[in-house]
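**Student:** Provided herewith: input33.txt, compact mmCIF, C-alpha atoms.
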# COMPACT_ATOMS: atom_id res chain seq x y z
CA MET A 3 212.23 143.21 134.22
CA LYS A 4 209.64 143.93 131.50
CA LYS A 5 209.47 140.22 130.67
CA VAL A 6 208.92 139.32 134.33
CA PHE A 7 206.06 141.80 134.71
CA ALA A 8 204.57 140.62 131.41
CA ILE A 9 204.56 137.02 132.69
CA LEU A 10 203.07 138.09 136.03
CA GLY A 11 200.39 140.11 134.25
CA LEU A 12 199.52 137.22 131.94
CA LEU A 13 199.19 134.83 134.89
CA VAL A 14 196.92 137.25 136.74
CA VAL A 15 194.70 137.80 133.66
CA LEU A 16 194.38 134.07 133.03
CA SER A 17 193.63 133.44 136.69
CA ILE A 18 190.94 136.13 136.78
CA SER A 19 189.27 134.69 133.67
CA THR A 20 189.27 131.21 135.20
CA ALA A 21 187.98 132.59 138.49
CA PHE A 22 184.93 134.25 136.91
CA ALA A 23 184.16 131.13 134.90
CA GLN A 24 184.37 129.09 138.09
CA GLY A 25 182.30 131.67 139.96
CA LYS A 26 179.32 131.15 137.64
CA ALA A 27 179.27 127.48 138.59
CA ASP A 28 179.65 128.09 142.32
CA ILE A 29 176.74 127.21 144.57
CA GLU A 30 175.67 130.21 146.63
CA LEU A 31 175.11 129.51 150.29
CA LYS A 32 171.65 130.34 151.52
CA GLY A 33 170.75 131.64 154.94
CA ASN A 34 170.12 128.17 156.35
CA GLN A 35 173.30 126.64 154.94
CA ILE A 36 176.78 126.57 156.45
CA ASP A 37 180.24 126.59 154.95
CA THR A 38 182.26 123.39 155.33
CA THR A 39 185.90 122.62 154.73
CA THR A 40 186.46 121.65 151.11
CA THR A 41 189.21 120.59 148.77
CA MET A 42 190.14 123.44 146.46
CA VAL A 43 192.85 124.80 144.19
CA TRP A 44 193.55 128.51 143.93
CA GLY A 45 196.04 130.86 142.39
CA SER A 46 197.06 134.04 144.13
CA ALA A 47 198.87 137.29 143.42
CA SER A 48 200.70 138.83 146.37
CA PHE A 49 202.51 142.00 147.33
CA GLY A 50 205.01 142.39 150.14
CA TYR A 51 207.39 144.92 151.63
CA GLN A 52 210.56 143.79 153.41
CA TRP A 53 213.39 145.14 155.50
CA PRO A 54 216.75 143.36 155.09
CA PHE A 55 219.10 142.12 157.79
CA GLY A 56 222.48 140.44 157.63
CA THR A 57 224.48 140.52 154.38
CA LEU A 58 221.75 142.21 152.31
CA LYS A 59 221.43 145.02 154.87
CA GLU A 60 225.12 145.86 154.40
CA THR A 61 224.37 146.81 150.78
CA PHE A 62 220.63 147.42 150.38
CA LYS A 63 217.74 149.29 151.93
CA SER A 64 214.14 147.97 151.99
CA ASN A 65 212.54 146.31 148.98
CA MET A 66 209.15 145.31 147.54
CA ASP A 67 207.99 141.85 146.52
CA LEU A 68 205.55 140.61 143.85
CA GLY A 69 204.59 136.96 143.84
CA VAL A 70 202.33 134.39 142.20
CA ASP A 71 201.52 130.90 143.43
CA VAL A 72 199.23 127.92 142.96
CA THR A 73 197.92 126.25 146.11
CA LEU A 74 196.08 123.03 146.84
CA LYS A 75 194.01 123.08 150.05
CA THR A 76 192.76 119.76 151.36
CA LYS A 77 189.51 119.12 153.23
CA SER A 78 191.54 118.97 156.44
CA ASN A 79 192.83 122.52 155.71
CA TRP A 80 196.40 121.55 154.88
CA THR A 81 197.85 123.65 152.04
CA TYR A 82 200.52 122.72 149.49
CA SER A 83 201.84 125.37 147.13
CA VAL A 84 204.40 126.26 144.48
CA ALA A 85 205.40 129.92 144.22
CA PHE A 86 207.51 132.45 142.36
CA ASN A 87 208.58 135.73 143.95
CA TYR A 88 210.30 138.72 142.40
CA TYR A 89 211.90 141.34 144.68
CA PHE A 90 212.75 144.84 143.47
CA GLY A 91 213.18 148.47 144.49
CA ALA A 92 216.07 147.97 146.93
CA LYS A 93 218.25 151.09 146.91
CA LEU A 94 221.95 151.02 147.71
CA ARG A 95 223.28 152.27 151.02
CA ASP A 96 226.68 153.19 149.57
CA GLN A 97 228.07 153.12 146.01
CA ALA A 98 231.54 152.38 147.38
CA ALA A 99 230.31 148.96 148.52
CA VAL A 100 229.70 148.11 144.84
CA VAL A 101 232.43 149.75 142.78
CA GLY A 102 235.06 150.20 145.47
CA PRO A 103 236.44 153.55 146.75
CA ASP A 104 239.00 153.91 143.93
CA MET A 105 236.30 154.67 141.34
CA LEU A 106 234.74 157.48 143.39
CA THR A 107 235.75 161.10 143.89
CA SER A 108 236.13 162.69 147.31
CA ASN A 109 232.42 163.58 147.04
CA HIS A 110 231.55 159.91 146.38
CA ASP A 111 230.60 160.66 142.76
CA LEU A 112 231.27 158.51 139.69
CA ILE A 113 232.98 160.23 136.75
CA ASP A 114 232.12 159.15 133.22
CA GLY A 115 234.38 158.88 130.16
CA ASN A 116 233.88 162.60 129.40
CA GLY A 117 235.05 163.72 132.82
CA MET A 118 231.50 164.58 133.94
CA LYS A 119 229.50 163.34 136.88
CA ALA A 120 227.90 160.09 135.74
CA THR A 121 224.20 159.32 135.79
CA ILE A 122 224.00 155.72 136.94
CA TYR A 123 221.44 153.68 138.84
CA PHE A 124 221.96 150.77 141.21
CA GLU A 125 219.14 148.59 142.49
CA GLY A 126 218.88 145.31 144.34
CA ARG A 127 217.01 142.61 142.45
CA TYR A 128 216.21 139.15 143.84
CA TRP A 129 214.00 136.24 142.87
CA GLY A 130 213.07 132.84 144.24
CA ILE A 131 211.08 129.78 143.18
CA GLY A 132 210.02 126.99 145.50
CA ALA A 133 207.32 125.00 147.27
CA GLY A 134 205.69 125.06 150.67
CA VAL A 135 203.26 123.47 153.11
CA GLY A 136 200.88 125.10 155.56
CA LYS A 137 197.83 124.72 157.76
CA ILE A 138 194.69 126.84 158.18
CA PHE A 139 193.18 126.92 161.68
CA PRO A 140 189.50 127.88 161.27
CA VAL A 141 187.89 130.60 163.36
CA GLY A 142 184.10 130.71 163.75
CA LYS A 143 181.61 129.16 161.32
CA TRP A 144 183.71 129.85 158.23
CA ARG A 145 185.63 126.59 158.13
CA ASN A 146 187.92 127.57 155.22
CA SER A 147 189.00 130.81 156.91
CA GLY A 148 191.27 131.32 159.88
CA PHE A 149 194.85 131.70 160.95
CA TRP A 150 197.24 130.46 158.27
CA VAL A 151 200.72 129.21 159.13
CA LYS A 152 203.04 128.00 156.37
CA ILE A 153 206.67 127.34 155.53
CA ASN A 154 208.30 127.56 152.10
CA ALA A 155 211.66 126.35 150.77
CA SER A 156 213.06 127.86 147.57
CA TYR A 157 216.01 128.42 145.29
CA PHE A 158 217.05 132.08 145.62
CA GLU A 159 219.21 134.52 143.66
CA HIS A 160 220.14 138.13 144.37
CA LYS A 161 222.30 140.72 142.65
CA ILE A 162 222.79 144.43 141.97
CA ARG A 163 221.20 145.75 138.78
CA ILE A 164 223.59 148.32 137.28
CA ASN A 165 222.03 150.71 134.78
CA ASP A 166 224.28 153.12 132.90
CA PRO A 167 221.75 154.70 130.48
CA ASP A 168 224.36 156.76 128.60
CA ASN A 169 226.98 153.97 128.49
CA GLN A 170 229.67 156.44 129.49
CA ILE A 171 231.49 154.41 132.16
CA PRO A 172 233.83 151.88 130.49
CA GLN A 173 234.52 150.07 133.77
CA LEU A 174 230.83 149.18 134.10
CA ALA A 175 230.25 148.09 130.51
CA ASP A 176 229.78 144.43 129.60
CA PRO A 177 231.46 142.11 130.41
CA TYR A 178 233.09 144.00 133.32
CA ARG A 179 229.68 144.74 134.88
CA LYS A 180 229.44 141.16 136.11
CA GLY A 181 232.52 141.79 138.22
CA TYR A 182 230.57 144.37 140.25
CA ASP A 183 227.00 143.03 140.46
CA GLN A 184 227.59 140.75 143.51
CA TYR A 185 225.43 138.03 141.94
CA SER A 186 224.80 135.29 144.51
CA ARG A 187 222.59 132.23 144.75
CA GLY A 188 221.53 129.74 147.35
CA PHE A 189 218.73 128.45 149.58
CA CYS A 190 215.86 130.36 151.16
CA LEU A 191 213.53 129.24 153.97
CA SER A 192 210.42 131.38 154.55
CA GLN A 193 207.76 131.34 157.27
CA PHE A 194 204.38 133.10 157.04
CA VAL A 195 201.87 133.75 159.82
CA GLY A 196 198.64 135.53 158.98
CA TYR A 197 194.90 135.33 158.44
CA MET A 198 193.02 133.74 155.55
CA PHE A 199 189.71 135.47 154.74
CA MET A 200 187.37 133.29 152.69
CA ARG A 201 183.58 133.67 152.58
CA LYS A 202 180.70 132.70 150.28
CA VAL A 203 182.06 134.62 147.28
CA ARG A 204 185.43 132.92 146.81
CA VAL A 205 186.78 135.56 144.39
CA ALA A 206 186.62 138.07 147.27
CA SER A 207 189.08 136.00 149.32
CA PHE A 208 192.45 137.28 150.48
CA TYR A 209 195.14 136.77 153.10
CA ALA A 210 197.43 139.07 155.07
CA GLY A 211 200.23 138.54 157.54
CA ILE A 212 203.94 138.70 158.29
CA GLU A 213 206.62 136.79 156.38
CA ILE A 214 210.23 136.20 157.38
CA SER A 215 212.82 134.66 155.04
CA GLU A 216 216.28 133.31 155.87
CA ILE A 217 218.71 133.20 152.95
CA TRP A 218 221.98 131.26 152.71
CA SER A 219 223.93 132.14 149.56
CA LYS A 220 227.37 132.28 147.93
CA SER A 221 228.77 134.25 145.02
CA GLY A 222 227.95 132.97 141.56
CA ARG A 223 230.78 134.93 139.88
CA ASN A 224 234.33 133.68 139.35
CA PHE A 225 235.86 137.10 140.05
CA SER A 226 234.98 140.24 142.02
CA ILE A 227 236.72 143.36 140.67
CA PRO A 228 236.55 145.40 143.92
CA LEU A 229 238.04 142.44 145.84
CA MET A 230 240.42 141.48 142.99
CA HIS A 231 239.67 137.81 143.65
CA LYS A 232 236.68 135.48 143.85
CA ASP A 233 234.31 136.13 146.74
CA GLU A 234 234.39 132.88 148.72
CA SER A 235 232.40 134.15 151.72
CA ASN A 236 229.21 132.52 152.95
CA LYS A 237 226.36 135.03 153.02
CA PHE A 238 223.42 134.96 155.42
CA SER A 239 220.52 137.39 155.10
CA VAL A 240 217.01 137.87 156.47
CA LEU A 241 214.01 139.60 154.87
CA LEU A 242 211.12 140.58 157.16
CA GLY A 243 207.88 142.39 156.42
CA PRO A 244 204.11 142.36 155.76
CA LYS A 245 202.52 140.49 152.89
CA VAL A 246 199.02 140.50 151.39
CA GLY A 247 197.56 138.33 148.67
CA TRP A 248 194.40 138.07 146.59
CA ILE A 249 193.10 134.54 146.16
CA ILE A 250 191.71 133.48 142.77
CA PRO A 251 189.75 130.18 142.94
CA LEU A 252 190.49 127.72 140.15
CA TYR A 253 188.71 124.58 141.37
CA GLU A 254 186.62 123.56 144.36
CA LYS A 255 184.96 120.35 145.43
CA ARG A 256 182.27 121.97 147.52
CA LYS A 257 179.83 120.19 149.78
CA ILE A 258 176.91 122.14 151.18
CA GLN A 259 175.29 121.28 154.49
CA THR A 260 171.81 122.57 155.27
CA LEU A 261 170.63 123.27 158.79
CA TYR A 262 166.98 122.38 159.38
CA ARG A 263 165.15 124.00 162.27
CA TYR A 264 162.03 122.38 163.72
Mind converting the file's structure to structure tokens?

**Tutor:**
Amino acid sequence: MKKVFAILGLLVVLSISTAFAQGKADIELKGNQIDTTTTMVWGSASFGYQWPFGTLKETFKSNMDLGVDVTLKTKSNWTYSVAFNYYFGAKLRDQAAVVGPDMLTSNHDLIDGNGMKATIYFEGRYWGIGAGVGKIFPVGKWRNSGFWVKINASYFEHKIRINDPDNQIPQLADPYRKGYDQYSRGFCLSQFVGYMFMRKVRVASFYAGIEISEIWSKSGRNFSIPLMHKDESNKFSVLLGPKVGWIIPLYEKRKIQTLYRY
């Protein structure tokens, strides 16, 4: 997880540096000038919050989402992007769904190797990488702003992160841990509907809306210990929730039109 956040942080820092360098070269619109649709490239950092449905809901509660992407917007307001998303913070609904009822006491507690109640943490972790296409429908005089509709296809993985800080549960030590983590992988299709806000100062641009993702996955492990055989089931899940993103301009081919009044 630390490596993922380090990469995300590095990308954001590099994008901010590029944005300010680009901002110095930007042409400021004057009062008698209007914004026109332009070709541009931007990076963005996003944050989302989702509620699960389907297979993921059977095991997990809600989760958060951090993402980075690079987007090309054409003069006709079509957008093409590549994105990486990292999902975290999903708490378990029931430990028995992970380790099976045989490892739990009547109080649903785990007992460590010393006969004491174990301190152990379970968390849902997912990630996806893919590409998408969208369209901005301008509203008003700001021709690069408006309602943004897009669809994204990605490779997706999800699993349970099992953290035994004291390493006191032999059944959950490596390599047995992989028999409990429910690691799965597959295909994800996401749809986003929201509003793109972009004005004269491009570094102040952002978007906000609702995203829904459909996930088709299968187990990536050869053996599930609670099931005592390989999990051959097809899994279908949905993630739904709000998403906001800060846009960081990297390149723009801007054309300024001036209105003359006589």

**Student:** May I have the residues within 12 Å of stretch 125-130 of chain A as a ChimeraX atom specification, using all atoms listed in the file and disregarding those fewer than 5 positions away in the same chain?

**Tutor:** /A:3,6,54,58-71,84-97,100,154-166,183-192,215,217,219,241

**Student:** List the neighbours of A:Lys77 out to 6 Å using all atoms listed in the file; skip same-chain residues closer than 2 positions along the sequence, and give me the result as a ChimeraX atom specification.

**Tutor:** /A:39-41,79

**Student:** Provide the atom CA of A:Thr57 to atom CA of A:Asp233 distance in Å, to one decimal place.

**Tutor:** 13.2 Å

**Student:** Calculate how many Å separate atom CA of A:Thr38 from atom CA of A:Arg145, rounding to one decimal.

**Tutor:**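 Separation of atom CA of A:Thr38 and atom CA of A:Arg145: 5.4 Å.
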
**Student:** So how many Å separate atom CA of A:Pro251 and atom CA of A:Ser147, to one decimal?

**Tutor:**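 Between atom CA of A:Pro251 and atom CA of A:Ser147 the gap works out to 14.0 Å.
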
**Student:** May I have the residues within 9 Å of stretch 228-230 of chain A as a PDB file with C-alpha atoms, in the coordinates of the input, using only C-alpha atoms and disregarding those fewer than 3 positions away in the same chain?

**Tutor:**
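What follows is the written file selection_18.pdb:
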ATOM      1  CA  ALA A  99     230.310 148.960 148.520  1.00  0.00           C
ATOM      2  CA  VAL A 100     229.700 148.110 144.840  1.00  0.00           C
ATOM      3  CA  VAL A 101     232.430 149.750 142.780  1.00  0.00           C
ATOM      4  CA  GLY A 102     235.060 150.200 145.470  1.00  0.00           C
ATOM      5  CA  PRO A 103     236.440 153.550 146.750  1.00  0.00           C
ATOM      6  CA  ASP A 104     239.000 153.910 143.930  1.00  0.00           C
ATOM      7  CA  GLY A 181     232.520 141.790 138.220  1.00  0.00           C
ATOM      8  CA  TYR A 182     230.570 144.370 140.250  1.00  0.00           C
ATOM      9  CA  PHE A 225     235.860 137.100 140.050  1.00  0.00           C
ATOM     10  CA  ASP A 233     234.310 136.130 146.740  1.00  0.00           C
TER      11      ASP A 233
END

**Student:** Would you mind telling me which residue in A:Met198, A:Leu252, A:Ile227, A:Val72 lies nearest to A:Trp144 when using only C-alpha atoms?

**Tutor:**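 Selected residue with least distance to A:Trp144: A:Met198.
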